[in-house]
Structure formats: structure tokens, C-alpha cells
Amino acid sequence: MGSFGESCGVFGAFDFEGKAVFSHLYWGLIAQNHRGHHSYGFAEVREGEFTSYRSLGLLPPVRHPVIRRLFRNFRSHVGVGHVRYATSGRSTRYWLIRDMQPFLVGREEKIALAFNGNLVNVKELREELKGEARGLSPSSSDIELLSRKLLRGMRNSDLVSAVEGCMRGIEGAFSVVGLTQRGEFFAFRDPLGIKPLCYGCSPDNQTFAVSSESAGLDINEFRYESEVQPGELLIWSGEGMRRERIVRGERRAFCSFEFAYFARPDSVLDGGKPVYKVREEFGRNLAREDPDLPKRVDLIVSIPSTGDDAAYGMHEVTGIPWERAVRRHRYVVDRAFISSSEEREKIISRKINVTETLRGKRIAVVEDSIVRGDTSRRVIRKLRMAGAKEIHFYFTFPRILSPCFYGIDMATFGELIGSTHTEEEIAHLIGADSVHYQSLEGFVRATGMRREDLCLGCLTGQYPTPLAQRIADEMRRRFQAGEVERGRVYEVE
Ligand code: SF4
């Protein structure tokens with residue numbers, strides 16, 4: 001239950017029989033609303049005309065008047081949708097509105113785009129694309145730069161070449177779904193495949209969909225076909241489906257944080273095991289890596305919901321009872337534009353409830369990660385109020401030492417508690433009796449992926465792209481020299 005920003009979720013669909021796909025878009029995004037609460041949106045194209053609807057906040061329930069109206073009005077056989085958490089760009093209400101996706105851009109030729117990720121070479125792209133703002137509404141999000149680059153490529157050539165230009169000229173993470181004015185539906189993923197993207201098909205093979213997570217396909221009862229491969233472009237049109245591996249990189253770099261925190265437990269990532277199986281293994285590892293655990297604690301408690309499966313794994317190995325004494329208030333969610341930090345604090349604390357069964361107990365608390373420490377501190381306060389005698393924290397994600405440049409809201413060294421403090425200091429700061437992280441080796445093994453196929457940038461300080469590495473090295477140098485960090489160097493200079 002991290003206190004930091006989630007990534008975004010995308011979904012798009014194409015029906016070869018001409019049936020409306022809005023229902024698939026809606027349910028595909030409902031299944032992925034955990035990836036973004038700031039805004040949601042839909043776009044479709046019918047006979048060269050785009051229709052879109054975007055709004056702040058959580059996607060409303062299906063019987064909500066707005067959604068009922070969208071079901072009536074969105075009738076096209078091709079469309080895309082998006083849920084957003086602002087990890088790039090500004091978070092004021094004004095910019096949250098401007099940055100809502102799908103992004104509808106272009107003059108002579110229009111496209112609709114929705115993406116999950118973050119671009120790194122923004123300074124260079126801004127310079128390169130200075131003259132390309134025609135037909136673009138201002139946005140503070142990276143989607144604007146991506147759109148400009150893509151539109152320019154399409155004007156000079158075709159969609160395939162334009163996507164190739166993006167893949168070769170943009171450094172960063174981008175999993176994209178989009179529509180052209182001609183009614184094509186396309187999806188592509190950066191050459192390292194940093195963010196998830198997969199596609200599937202309806203049982204009658206007539207409707208195809210692309211989704212950030214496989215849970216978006218499952219809810220529509222679609223068959224999971226495959227990942228969109230890193231560097232791959234898929235296009236659906238009246239002529240059929242086309243799949244092209246445009247750039248074949250030397251390695252992949254899938255975001256390891258997806259396994260610990262972002263993804264739904266019932267999703268499969270990069271064609272591997274279900275995420276909950278990986279998390280169970282995280283819990284087993286934490287238990288194996290701390291042989292004194294059974295002597296130290298009477299009870300395992302998980303922080304819902306990302307800690308639950310790992311707590312089960314820990315319970316399996318140690319035999320220590322696991323009690324779900326911490327519960328989440330299901331309908332308490334962050335509002336999109338809460339201005340005061342005091343109000344935000346109250347909301348985080350209202351999110352969970354702790355039962356009194358912990359009185360006098362020594363507990364092992366299983367949690368996904370610790371970034372800044374403020375959420376853990378609040379949780380511990382509640383656990384102490386419920387009478388817990390000793391609190392030992394176990395994190396499934398190894399210690400976060402460095403910022404993320406690919407779309408996760410961890411921008412500076414100074415804000416990362418793991419980068420500035422030892423485990424003992426962290427325990428003291430958050431009010432725990434001890435703090436334990438899963439080892440990096442155990443974490444990688446549990447994912448079932450090869451180490452070189454994962455991004456471990458925030459854990460090791462070794463990034464999969466060259467500019468991110470240079471920026472991180474420069475930020476670290478300045479931080480160690482005692483300079484005040486005002487954000488990422490490319491954002492503040
Ligand atoms: S740096 Fe960390 S959070 Fe960012 S993409 Fe890499 S693994 Fe994920």
C-alpha cells in the first residue's frame with residue numbers, strides 16, 4: 001500500500017464485424033482503475049470523425065448517468081481508453097484537466113493517443129519538436145511530445161515509419177494505444193518493454209483488444225494471446241491485423257515494481273506466472289531469509305492488498321498464524337486534486353482499519369515497499385493504538401536507493417528513505433522495532449524473469465537507458481555534494 005503515485009492504464013479495442021466496442025473499453029478500464037485515479041477518458045473514431053470524453057476522478061460505476069450516456073453515444077467498432085495517475089506533468093486541477101487522455105491531436109490528419117510511461121530525453125525532444133505544436137492543445141504531460149513526434153512522422157511518411165521514429169528517437173518508457181482518422185487501431189511498446197502491454201481476442205475471434213494488464217482482457221472474457229513485444233507495433237484495420245517487430249533491442253527492461261506493487265494479483269506479466277504466485281514466493285523468501293522470524297513474532301499481519309499474498313507465503317513457510325487484522329476501507333480513495341497535505345494525510349490514515357486482536361502481540365507486518373516512509377509511519381501508529389507490542393516490518397520490494405525516470409513518482413534521492421538511512425534508522429524513523437527487505441537475488445528469482453530482462457534502476461542505480469544513467473549519476477553527485485534537489489535535473493534546468 002504505497003503512498004506514491006501509480007502508473008497509468010490503457011485499453012483499446014477493434015471489432016471486425018463492426019459492433020460497438022465501448023463496453024469492452026469501459027470494463028477493460030474498470031479492471032485497471034487501480035493504475036490511475038486522477039482521470040479517465042475514452043476516444044473513438046467513426047467515418048473519419050473522432051468522439052471523445054474525458055473527466056477527472058475515478059471511473060464511475062456502470063449505472064452512473066454519465067456512463068449510461070457514453071454507452072448510448074459511443075457506437076464505433078474501434079476505440080481507446082485511459083486511466084491516469086499524474087507522474088509527469090503538473091498536478092494542479094488546471095493541468096490535470098489539460099493532461100487527461102486519450103489525447104486528440106492533429107489538423108489535416110488527426111490521431112487519438114493514450115499512453116503509460118514517461119519520457120527521459122524531454123529536453124532534446126522539446127528542442128527537436130519546437131515547430132510541431134500546430135493542432136496540439138498545451139499539456140504538461142509527455143504525451144504531447146510523443147504525439148508531436150508521431151504526427152510529424154506520419155505527415156512525412158506512414159504510421160509504421162512514424163512509430164519507428166518514436167522508438168529510435170525517444171528514450172523512456174511508453175506503452176501506447178491509438179487511433180487514426182482512417183479508423184485504424186494501433187498499439188506499440190518501447191524497445192525495452194518497460195511498462196506492461198498485452199493483447200487478446202474474443203472467443204469468436206472477431207474482437208481484439210490491447211490492455212496494460214491481462215486483467216483488462218479477463219473481465220471481457222477475452223483470450224490472452226501474447227504480450228505486445230518490446231519494440232513491436234500492432235495495427236488492426238478493415239484489412240486485418242498486422243504485427244511488426246520494428247526495433248529488436250539487445251535486452252528488455254521490464255519494471256520490477258509492477259510485481260511488487262502496481263499490477264493486480266490476478267494479472268500475468270510478460271507471459272509469466274500470475275502476479276499473486278510471484279508475491280507468495282516473495283513472502284516465502286522473506287521467511288527463508290530471516291531464520292529468527294518464528295522466535296521473534298507471534299502473528300503475521302498483511303497490509304492490504306499487495307501484502308496479502310506474500311503474507312500467505314510467509315505463513316506457509318513458518319507456520320506462524322496469519323491474521324488479516326488490517327483491512328482497507330474499500331471506498332476511501334484519493335481524490336484527484338486534494339490541495340492540502342493535511343487532508344491527504346487524513347485520507348491515507350482513513351484508508352485502513354486495524355482490529356483489536358493485536359493486543360499484546362509481536363507481529364510481522366508484510367508490506368510491498370517503503371518509499372518515503374510516511375505511509376508506514378501512519379500504519380504503525382494505528383497498529384500501536386490497536387495494542388501491538390512489537391512491530392517488525394517486512395518489505396517484498398528490496399530497498400529503493402535511486403529515483404525512477406520511467407513513470408513512477410519517485411523523483412529525487414532526498415525523498416527516498418532507503419537512499420538516505422540504514423535499516424536501523426528507518427525502523428526508528430517509522431516507529432517499528434525492526435525493518436527487513438527481501439534480497440534482490442530472491443526478488444529476481446521469484447519473478448521468474450532473467451535479471452537482464454528487468455529494470456532494477458531504483459534498486460541498484462543501474463538504469464537500462466543511457467540518458468537516465470547520466471541524469472542519475474549527476475543527481476547523485478549533486479545530492480552528495482549537499483545541493484538541494486528541486487526535481488529531476490532535466491526538469492529543473
Ligand atoms: S526504476 Fe524502478 S520503478 Fe522505475 S521502471 Fe525501473 S524498476 Fe520500475
# chains A, B, ... in the order shown; residues from 1 in each chain; ligands from 1

$ residues_near_ligand --ligand "ligand 1" --cutoff "10 Å" --atoms "only C-alpha atoms and all ligand atoms" --output "ChimeraX atom specification"
/A:7,117-118,172-173,193-195,253-262,400-411,454-464,468

$ residues_around --residues "Asn205 (chain A)" --least-positions-apart "6" --cutoff "12 Å" --atoms "only C-alpha atoms" --output "PyMOL selection string"
chain A and resi 14-17+221-225+240-241

$ write_last_selection --atoms "C-alpha atoms" --output "PDB file, in the first residue's frame"
ATOM      1  CA  PHE A  14     -11.246  -3.225 -32.609  1.00  0.00           C
ATOM      2  CA  ASP A  15     -14.206  -5.303 -33.822  1.00  0.00           C
ATOM      3  CA  PHE A  16     -14.073  -6.826 -37.307  1.00  0.00           C
ATOM      4  CA  GLU A  17     -17.879  -7.201 -37.529  1.00  0.00           C
ATOM      5  CA  GLU A 221     -13.755 -12.816 -21.257  1.00  0.00           C
ATOM      6  CA  PHE A 222     -11.124 -12.370 -23.953  1.00  0.00           C
ATOM      7  CA  ARG A 223      -8.435 -14.944 -24.595  1.00  0.00           C
ATOM      8  CA  TYR A 224      -4.923 -13.755 -23.686  1.00  0.00           C
ATOM      9  CA  GLU A 225      -2.853 -14.016 -26.861  1.00  0.00           C
ATOM     10  CA  GLY A 240      -6.948  -7.382 -40.898  1.00  0.00           C
ATOM     11  CA  MET A 241      -4.279  -7.455 -38.263  1.00  0.00           C
TER      12      MET A 241
END

$ select_by_dssp --residues "region 278-346 of chain A" --states "strand (DSSP E)" --output "count of residues only"
9

$ closest_atom_pairs --of "region 394-422 of chain A" --to "region 441-446 of chain A" --cutoff "9 Å" --atoms "only C-alpha atoms" --output "CSV"
residue,atom,partner,partner_atom,distance
A:Thr396,CA,A:Phe443,CA,7.6
A:Phe397,CA,A:Phe443,CA,7.3
A:Pro398,CA,A:Phe443,CA,7.4

$ atom_distance --atom1 "CA of His392 (chain A)" --atom2 "CA of Lys351 (chain A)"
21.1 Å

$ closest_residue --among "A:Glu289, A:Pro60, A:Cys8, A:Phe413" --to "Arg477 (chain A)" --atoms "only C-alpha atoms"
A:Phe413

$ closest_residue --among "A:Gly12, A:Arg251, A:Pro466, A:Pro203" --to "Ile235 (chain A)" --atoms "only C-alpha atoms"
A:Gly12

$ closest_residue --among "A:Ile391, A:Val45, A:Cys198, A:Val122" --to "Ser434 (chain A)" --atoms "only C-alpha atoms"
A:Ile391

$ residues_around --residues "Glu132 (chain A)" --least-positions-apart "5" --cutoff "10 Å" --atoms "only C-alpha atoms" --output "list in words"
Gly106, Arg126, Leu145, Ser147, Arg148, Lys149, Leu151 and Arg152 of chain A

$ write_last_selection --atoms "N, CA and C atoms" --output "PDB file, in the first residue's frame"
ATOM      1  N   GLY A 106      -3.709  16.861 -33.959  1.00  0.00           N
ATOM      2  CA  GLY A 106      -3.527  16.930 -35.406  1.00  0.00           C
ATOM      3  C   GLY A 106      -4.541  17.832 -36.065  1.00  0.00           C
ATOM      4  N   ARG A 126      11.889  18.426 -26.852  1.00  0.00           N
ATOM      5  CA  ARG A 126      11.273  19.765 -26.892  1.00  0.00           C
ATOM      6  C   ARG A 126      11.946  20.617 -27.955  1.00  0.00           C
ATOM      7  N   LEU A 145       4.614  15.434 -26.334  1.00  0.00           N
ATOM      8  CA  LEU A 145       5.841  15.264 -27.126  1.00  0.00           C
ATOM      9  C   LEU A 145       5.751  14.018 -27.996  1.00  0.00           C
ATOM     10  N   SER A 147       3.058  12.673 -29.130  1.00  0.00           N
ATOM     11  CA  SER A 147       2.088  12.946 -30.201  1.00  0.00           C
ATOM     12  C   SER A 147       2.738  13.762 -31.313  1.00  0.00           C
ATOM     13  N   ARG A 148       3.513  14.782 -30.902  1.00  0.00           N
ATOM     14  CA  ARG A 148       4.151  15.632 -31.913  1.00  0.00           C
ATOM     15  C   ARG A 148       5.090  14.802 -32.783  1.00  0.00           C
ATOM     16  N   LYS A 149       5.847  13.971 -32.137  1.00  0.00           N
ATOM     17  CA  LYS A 149       6.827  13.153 -32.861  1.00  0.00           C
ATOM     18  C   LYS A 149       6.096  12.201 -33.821  1.00  0.00           C
ATOM     19  N   LEU A 151       3.005  12.478 -35.050  1.00  0.00           N
ATOM     20  CA  LEU A 151       2.304  13.216 -36.119  1.00  0.00           C
ATOM     21  C   LEU A 151       3.268  13.663 -37.208  1.00  0.00           C
ATOM     22  N   ARG A 152       4.434  14.157 -36.787  1.00  0.00           N
ATOM     23  CA  ARG A 152       5.398  14.608 -37.774  1.00  0.00           C
ATOM     24  C   ARG A 152       5.843  13.442 -38.657  1.00  0.00           C
TER      25      ARG A 152
END

$ residues_around --residues "region 292-309 of chain A" --least-positions-apart "3" --cutoff "7 Å" --atoms "only C-alpha atoms" --output "number ranges by chain"
A: 1, 261, 276, 279-280, 287, 312-313, 318, 320-328, 361-368

$ write_last_selection --atoms "N, CA, C and O atoms" --output "CSV table (one decimal), in the first residue's frame"
chain,number,residue,atom,x,y,z
A,1,MET,N,0.8,-1.2,0.0
A,1,MET,CA,0.0,0.0,0.0
A,1,MET,C,0.9,1.2,0.0
A,1,MET,O,1.1,1.9,1.0
A,261,TYR,N,4.0,-4.1,-6.6
A,261,TYR,CA,3.0,-3.1,-6.2
A,261,TYR,C,1.9,-2.8,-7.2
A,261,TYR,O,0.7,-2.9,-6.9
A,276,TYR,N,0.1,-13.0,-8.3
A,276,TYR,CA,-0.1,-13.4,-6.9
A,276,TYR,C,0.8,-14.6,-6.5
A,276,TYR,O,1.3,-14.7,-5.4
A,279,ARG,N,4.1,-13.0,-5.8
A,279,ARG,CA,4.1,-12.4,-4.4
A,279,ARG,C,4.1,-13.4,-3.3
A,279,ARG,O,4.7,-13.2,-2.3
A,280,GLU,N,3.5,-14.6,-3.5
A,280,GLU,CA,3.6,-15.6,-2.5
A,280,GLU,C,5.0,-16.1,-2.3
A,280,GLU,O,5.5,-16.2,-1.2
A,287,ALA,N,10.7,-15.1,4.6
A,287,ALA,CA,10.7,-16.0,5.7
A,287,ALA,C,12.1,-16.8,5.7
A,287,ALA,O,12.7,-16.9,6.8
A,312,TYR,N,0.7,-14.8,3.0
A,312,TYR,CA,0.4,-16.2,2.9
A,312,TYR,C,1.6,-17.0,2.7
A,312,TYR,O,1.8,-18.1,3.4
A,313,GLY,N,2.5,-16.6,1.8
A,313,GLY,CA,3.8,-17.3,1.6
A,313,GLY,C,4.6,-17.4,2.8
A,313,GLY,O,5.2,-18.5,3.1
A,318,THR,N,6.7,-20.6,7.6
A,318,THR,CA,7.0,-20.6,9.1
A,318,THR,C,6.0,-21.3,9.9
A,318,THR,O,6.3,-21.6,11.1
A,320,ILE,N,3.6,-19.7,11.2
A,320,ILE,CA,3.1,-18.7,12.2
A,320,ILE,C,1.7,-18.3,11.7
A,320,ILE,O,1.5,-18.1,10.5
A,321,PRO,N,0.7,-18.1,12.6
A,321,PRO,CA,-0.6,-17.7,12.2
A,321,PRO,C,-0.6,-16.4,11.4
A,321,PRO,O,0.2,-15.5,11.7
A,322,TRP,N,-1.4,-16.4,10.4
A,322,TRP,CA,-1.6,-15.1,9.6
A,322,TRP,C,-3.0,-14.6,9.8
A,322,TRP,O,-4.0,-15.3,9.6
A,323,GLU,N,-3.1,-13.4,10.3
A,323,GLU,CA,-4.4,-12.8,10.6
A,323,GLU,C,-4.6,-11.6,9.8
A,323,GLU,O,-3.7,-10.7,9.8
A,324,ARG,N,-5.7,-11.4,9.2
A,324,ARG,CA,-5.9,-10.2,8.3
A,324,ARG,C,-6.5,-9.2,9.2
A,324,ARG,O,-7.7,-8.7,9.0
A,325,ALA,N,-5.7,-8.7,10.2
A,325,ALA,CA,-6.2,-7.8,11.2
A,325,ALA,C,-6.3,-6.3,10.7
A,325,ALA,O,-6.8,-5.5,11.3
A,326,VAL,N,-5.6,-6.1,9.5
A,326,VAL,CA,-5.6,-4.8,8.9
A,326,VAL,C,-6.5,-4.9,7.7
A,326,VAL,O,-6.3,-5.7,6.8
A,327,ARG,N,-7.5,-4.0,7.6
A,327,ARG,CA,-8.5,-4.0,6.5
A,327,ARG,C,-8.5,-2.7,5.8
A,327,ARG,O,-8.3,-1.7,6.5
A,328,ARG,N,-8.8,-2.7,4.6
A,328,ARG,CA,-8.9,-1.5,3.8
A,328,ARG,C,-10.3,-1.0,3.6
A,328,ARG,O,-11.2,-1.9,3.3
A,361,LYS,N,0.5,-8.6,21.1
A,361,LYS,CA,1.2,-9.5,20.2
A,361,LYS,C,2.4,-8.9,19.6
A,361,LYS,O,2.6,-7.7,19.4
A,362,ARG,N,3.4,-9.8,19.2
A,362,ARG,CA,4.6,-9.4,18.5
A,362,ARG,C,4.3,-9.7,17.0
A,362,ARG,O,4.0,-10.9,16.7
A,363,ILE,N,4.2,-8.7,16.2
A,363,ILE,CA,3.7,-9.0,14.8
A,363,ILE,C,4.8,-8.8,13.7
A,363,ILE,O,5.6,-7.9,13.8
A,364,ALA,N,4.7,-9.6,12.7
A,364,ALA,CA,5.4,-9.4,11.4
A,364,ALA,C,4.4,-8.7,10.5
A,364,ALA,O,3.4,-9.3,10.2
A,365,VAL,N,4.7,-7.5,10.0
A,365,VAL,CA,3.8,-6.8,9.1
A,365,VAL,C,4.4,-7.0,7.7
A,365,VAL,O,5.6,-6.6,7.4
A,366,VAL,N,3.6,-7.5,6.7
A,366,VAL,CA,4.1,-7.7,5.4
A,366,VAL,C,3.5,-6.6,4.5
A,366,VAL,O,2.3,-6.4,4.4
A,367,GLU,N,4.4,-5.9,3.9
A,367,GLU,CA,4.0,-4.7,3.1
A,367,GLU,C,4.8,-4.8,1.7
A,367,GLU,O,5.9,-5.4,1.7
A,368,ASP,N,4.3,-4.1,0.7
A,368,ASP,CA,5.0,-4.2,-0.6
A,368,ASP,C,6.3,-3.4,-0.6
A,368,ASP,O,7.4,-3.9,-1.1

$ residues_around --residues "Phe103 (chain A)" --least-positions-apart "3" --cutoff "7 Å" --atoms "only C-alpha atoms" --output "VMD selection string"
chain A and resid 112 to 114

$ write_last_selection --atoms "N, CA and C atoms" --output "PDB file, in the first residue's frame"
ATOM      1  N   ALA A 112      -5.767   9.840 -32.116  1.00  0.00           N
ATOM      2  CA  ALA A 112      -6.061   9.823 -30.674  1.00  0.00           C
ATOM      3  C   ALA A 112      -5.044   8.895 -30.042  1.00  0.00           C
ATOM      4  N   LEU A 113      -4.455   9.336 -28.937  1.00  0.00           N
ATOM      5  CA  LEU A 113      -3.398   8.544 -28.295  1.00  0.00           C
ATOM      6  C   LEU A 113      -3.628   8.442 -26.796  1.00  0.00           C
ATOM      7  N   ALA A 114      -3.274   7.292 -26.249  1.00  0.00           N
ATOM      8  CA  ALA A 114      -3.261   7.137 -24.789  1.00  0.00           C
ATOM      9  C   ALA A 114      -2.004   6.364 -24.449  1.00  0.00           C
TER      10      ALA A 114
END

$ closest_residue --among "A:Val62, A:Glu232, A:Thr412, A:Ala215" --to "Asp473 (chain A)" --atoms "only C-alpha atoms"
A:Thr412

$ select_by_dssp --residues "region 4-246 of chain A" --states "alpha helix (DSSP H)" --output "ChimeraX atom specification"
/A:22-30,65-73,93-98,122-128,143-156,159-169,215-218

$ closest_residue --among "A:Phe185, A:His24, A:Phe393, A:Ile471" --to "Arg242 (chain A)" --atoms "only C-alpha atoms"
A:Phe185

$ atom_distance --atom1 "CA of Leu192 (chain A)" --atom2 "CA of Ser212 (chain A)"
15.3 Å

$ decode --residues "region 131-249 of chain A" --atoms "C-alpha atoms" --output "PDB file, in the first residue's frame"
ATOM      1  CA  GLY A 131       7.743  23.839 -34.584  1.00  0.00           C
ATOM      2  CA  GLU A 132       5.281  20.959 -34.284  1.00  0.00           C
ATOM      3  CA  ALA A 133       2.764  22.443 -31.868  1.00  0.00           C
ATOM      4  CA  ARG A 134       0.128  23.185 -34.532  1.00  0.00           C
ATOM      5  CA  GLY A 135      -3.136  21.462 -33.699  1.00  0.00           C
ATOM      6  CA  LEU A 136      -1.966  20.489 -30.229  1.00  0.00           C
ATOM      7  CA  SER A 137      -3.558  21.800 -27.089  1.00  0.00           C
ATOM      8  CA  PRO A 138      -0.927  22.603 -24.460  1.00  0.00           C
ATOM      9  CA  SER A 139      -0.242  19.868 -21.990  1.00  0.00           C
ATOM     10  CA  SER A 140       2.348  19.361 -19.281  1.00  0.00           C
ATOM     11  CA  SER A 141       2.428  15.615 -19.886  1.00  0.00           C
ATOM     12  CA  ASP A 142       4.877  13.628 -22.005  1.00  0.00           C
ATOM     13  CA  ILE A 143       2.027  12.511 -24.249  1.00  0.00           C
ATOM     14  CA  GLU A 144       2.232  15.851 -26.041  1.00  0.00           C
ATOM     15  CA  LEU A 145       5.841  15.264 -27.126  1.00  0.00           C
ATOM     16  CA  LEU A 146       5.079  11.725 -28.168  1.00  0.00           C
ATOM     17  CA  SER A 147       2.088  12.946 -30.201  1.00  0.00           C
ATOM     18  CA  ARG A 148       4.151  15.632 -31.913  1.00  0.00           C
ATOM     19  CA  LYS A 149       6.827  13.153 -32.861  1.00  0.00           C
ATOM     20  CA  LEU A 150       4.316  10.650 -34.154  1.00  0.00           C
ATOM     21  CA  LEU A 151       2.304  13.216 -36.119  1.00  0.00           C
ATOM     22  CA  ARG A 152       5.398  14.608 -37.774  1.00  0.00           C
ATOM     23  CA  GLY A 153       6.462  11.107 -38.783  1.00  0.00           C
ATOM     24  CA  MET A 154       3.003  10.344 -40.195  1.00  0.00           C
ATOM     25  CA  ARG A 155       2.999  13.570 -42.188  1.00  0.00           C
ATOM     26  CA  ASN A 156       6.366  12.727 -43.726  1.00  0.00           C
ATOM     27  CA  SER A 157       5.712   9.050 -44.264  1.00  0.00           C
ATOM     28  CA  ASP A 158       3.324   6.473 -42.781  1.00  0.00           C
ATOM     29  CA  LEU A 159       2.316   5.115 -39.385  1.00  0.00           C
ATOM     30  CA  VAL A 160       4.924   2.344 -39.368  1.00  0.00           C
ATOM     31  CA  SER A 161       7.796   4.733 -40.110  1.00  0.00           C
ATOM     32  CA  ALA A 162       6.404   7.255 -37.623  1.00  0.00           C
ATOM     33  CA  VAL A 163       6.350   4.634 -34.880  1.00  0.00           C
ATOM     34  CA  GLU A 164       9.858   3.573 -35.825  1.00  0.00           C
ATOM     35  CA  GLY A 165      10.924   7.232 -35.468  1.00  0.00           C
ATOM     36  CA  CYS A 166       9.455   7.257 -31.948  1.00  0.00           C
ATOM     37  CA  MET A 167      11.119   4.000 -30.999  1.00  0.00           C
ATOM     38  CA  ARG A 168      14.510   5.138 -32.241  1.00  0.00           C
ATOM     39  CA  GLY A 169      14.306   8.793 -31.191  1.00  0.00           C
ATOM     40  CA  ILE A 170      12.641   8.625 -27.790  1.00  0.00           C
ATOM     41  CA  GLU A 171      14.355   7.360 -24.670  1.00  0.00           C
ATOM     42  CA  GLY A 172      11.984   6.193 -21.989  1.00  0.00           C
ATOM     43  CA  ALA A 173       9.002   4.028 -21.233  1.00  0.00           C
ATOM     44  CA  PHE A 174       5.974   4.114 -23.500  1.00  0.00           C
ATOM     45  CA  SER A 175       3.173   1.614 -23.919  1.00  0.00           C
ATOM     46  CA  VAL A 176       0.765   3.253 -26.353  1.00  0.00           C
ATOM     47  CA  VAL A 177      -2.690   2.649 -27.849  1.00  0.00           C
ATOM     48  CA  GLY A 178      -4.047   4.903 -30.588  1.00  0.00           C
ATOM     49  CA  LEU A 179      -6.500   5.523 -33.390  1.00  0.00           C
ATOM     50  CA  THR A 180      -6.013   7.072 -36.804  1.00  0.00           C
ATOM     51  CA  GLN A 181      -8.616   9.063 -38.668  1.00  0.00           C
ATOM     52  CA  ARG A 182      -8.842   6.222 -41.199  1.00  0.00           C
ATOM     53  CA  GLY A 183     -10.173   4.007 -38.425  1.00  0.00           C
ATOM     54  CA  GLU A 184      -7.025   2.014 -37.713  1.00  0.00           C
ATOM     55  CA  PHE A 185      -6.352   0.874 -34.165  1.00  0.00           C
ATOM     56  CA  PHE A 186      -2.687   0.554 -33.232  1.00  0.00           C
ATOM     57  CA  ALA A 187      -0.563  -0.274 -30.207  1.00  0.00           C
ATOM     58  CA  PHE A 188       3.168  -0.166 -29.635  1.00  0.00           C
ATOM     59  CA  ARG A 189       5.677  -0.538 -26.856  1.00  0.00           C
ATOM     60  CA  ASP A 190       9.150   0.942 -26.308  1.00  0.00           C
ATOM     61  CA  PRO A 191      12.106  -1.252 -27.332  1.00  0.00           C
ATOM     62  CA  LEU A 192      12.854  -2.205 -23.722  1.00  0.00           C
ATOM     63  CA  GLY A 193       9.237  -3.041 -22.863  1.00  0.00           C
ATOM     64  CA  ILE A 194       9.432  -1.150 -19.577  1.00  0.00           C
ATOM     65  CA  LYS A 195       5.680  -0.893 -18.994  1.00  0.00           C
ATOM     66  CA  PRO A 196       3.315  -3.825 -19.497  1.00  0.00           C
ATOM     67  CA  LEU A 197       1.119  -4.216 -22.595  1.00  0.00           C
ATOM     68  CA  CYS A 198      -0.648  -7.309 -23.847  1.00  0.00           C
ATOM     69  CA  TYR A 199      -3.380  -8.210 -26.317  1.00  0.00           C
ATOM     70  CA  GLY A 200      -6.164 -10.731 -26.610  1.00  0.00           C
ATOM     71  CA  CYS A 201      -9.166 -11.784 -28.585  1.00  0.00           C
ATOM     72  CA  SER A 202     -12.863 -12.560 -28.076  1.00  0.00           C
ATOM     73  CA  PRO A 203     -13.960 -16.217 -28.192  1.00  0.00           C
ATOM     74  CA  ASP A 204     -15.437 -15.716 -31.707  1.00  0.00           C
ATOM     75  CA  ASN A 205     -12.124 -14.184 -32.913  1.00  0.00           C
ATOM     76  CA  GLN A 206     -13.900 -11.024 -34.091  1.00  0.00           C
ATOM     77  CA  THR A 207     -12.854  -8.511 -31.423  1.00  0.00           C
ATOM     78  CA  PHE A 208      -9.258  -7.767 -30.495  1.00  0.00           C
ATOM     79  CA  ALA A 209      -8.167  -5.748 -27.501  1.00  0.00           C
ATOM     80  CA  VAL A 210      -4.932  -4.341 -26.104  1.00  0.00           C
ATOM     81  CA  SER A 211      -4.576  -3.786 -22.379  1.00  0.00           C
ATOM     82  CA  SER A 212      -1.912  -2.705 -19.902  1.00  0.00           C
ATOM     83  CA  GLU A 213      -2.719  -5.719 -17.775  1.00  0.00           C
ATOM     84  CA  SER A 214      -4.223  -9.074 -18.645  1.00  0.00           C
ATOM     85  CA  ALA A 215      -6.970  -8.440 -16.055  1.00  0.00           C
ATOM     86  CA  GLY A 216      -8.445  -5.973 -18.589  1.00  0.00           C
ATOM     87  CA  LEU A 217      -8.821  -8.858 -21.051  1.00  0.00           C
ATOM     88  CA  ASP A 218     -10.137 -11.314 -18.456  1.00  0.00           C
ATOM     89  CA  ILE A 219     -13.010  -9.085 -17.397  1.00  0.00           C
ATOM     90  CA  ASN A 220     -14.130  -9.017 -21.043  1.00  0.00           C
ATOM     91  CA  GLU A 221     -13.755 -12.816 -21.257  1.00  0.00           C
ATOM     92  CA  PHE A 222     -11.124 -12.370 -23.953  1.00  0.00           C
ATOM     93  CA  ARG A 223      -8.435 -14.944 -24.595  1.00  0.00           C
ATOM     94  CA  TYR A 224      -4.923 -13.755 -23.686  1.00  0.00           C
ATOM     95  CA  GLU A 225      -2.853 -14.016 -26.861  1.00  0.00           C
ATOM     96  CA  SER A 226       0.531 -12.525 -26.004  1.00  0.00           C
ATOM     97  CA  GLU A 227       2.499  -9.569 -24.804  1.00  0.00           C
ATOM     98  CA  VAL A 228       2.975  -6.730 -27.215  1.00  0.00           C
ATOM     99  CA  GLN A 229       6.687  -7.410 -27.588  1.00  0.00           C
ATOM    100  CA  PRO A 230       9.216  -4.679 -26.788  1.00  0.00           C
ATOM    101  CA  GLY A 231       9.730  -2.650 -29.962  1.00  0.00           C
ATOM    102  CA  GLU A 232       6.611  -4.125 -31.571  1.00  0.00           C
ATOM    103  CA  LEU A 233       3.744  -2.392 -33.400  1.00  0.00           C
ATOM    104  CA  LEU A 234       0.314  -3.938 -33.921  1.00  0.00           C
ATOM    105  CA  ILE A 235      -2.251  -2.477 -36.294  1.00  0.00           C
ATOM    106  CA  TRP A 236      -5.873  -3.513 -36.804  1.00  0.00           C
ATOM    107  CA  SER A 237      -7.850  -2.188 -39.757  1.00  0.00           C
ATOM    108  CA  GLY A 238     -10.527  -3.346 -42.201  1.00  0.00           C
ATOM    109  CA  GLU A 239      -7.739  -5.265 -43.930  1.00  0.00           C
ATOM    110  CA  GLY A 240      -6.948  -7.382 -40.898  1.00  0.00           C
ATOM    111  CA  MET A 241      -4.279  -7.455 -38.263  1.00  0.00           C
ATOM    112  CA  ARG A 242      -0.639  -6.607 -38.826  1.00  0.00           C
ATOM    113  CA  ARG A 243       2.195  -7.288 -36.380  1.00  0.00           C
ATOM    114  CA  GLU A 244       5.677  -5.867 -36.834  1.00  0.00           C
ATOM    115  CA  ARG A 245       8.731  -6.048 -34.619  1.00  0.00           C
ATOM    116  CA  ILE A 246      10.126  -2.642 -35.534  1.00  0.00           C
ATOM    117  CA  VAL A 247      13.093  -2.458 -33.201  1.00  0.00           C
ATOM    118  CA  ARG A 248      14.715  -5.509 -31.704  1.00  0.00           C
ATOM    119  CA  GLY A 249      16.707  -4.327 -28.695  1.00  0.00           C
TER     120      GLY A 249
END
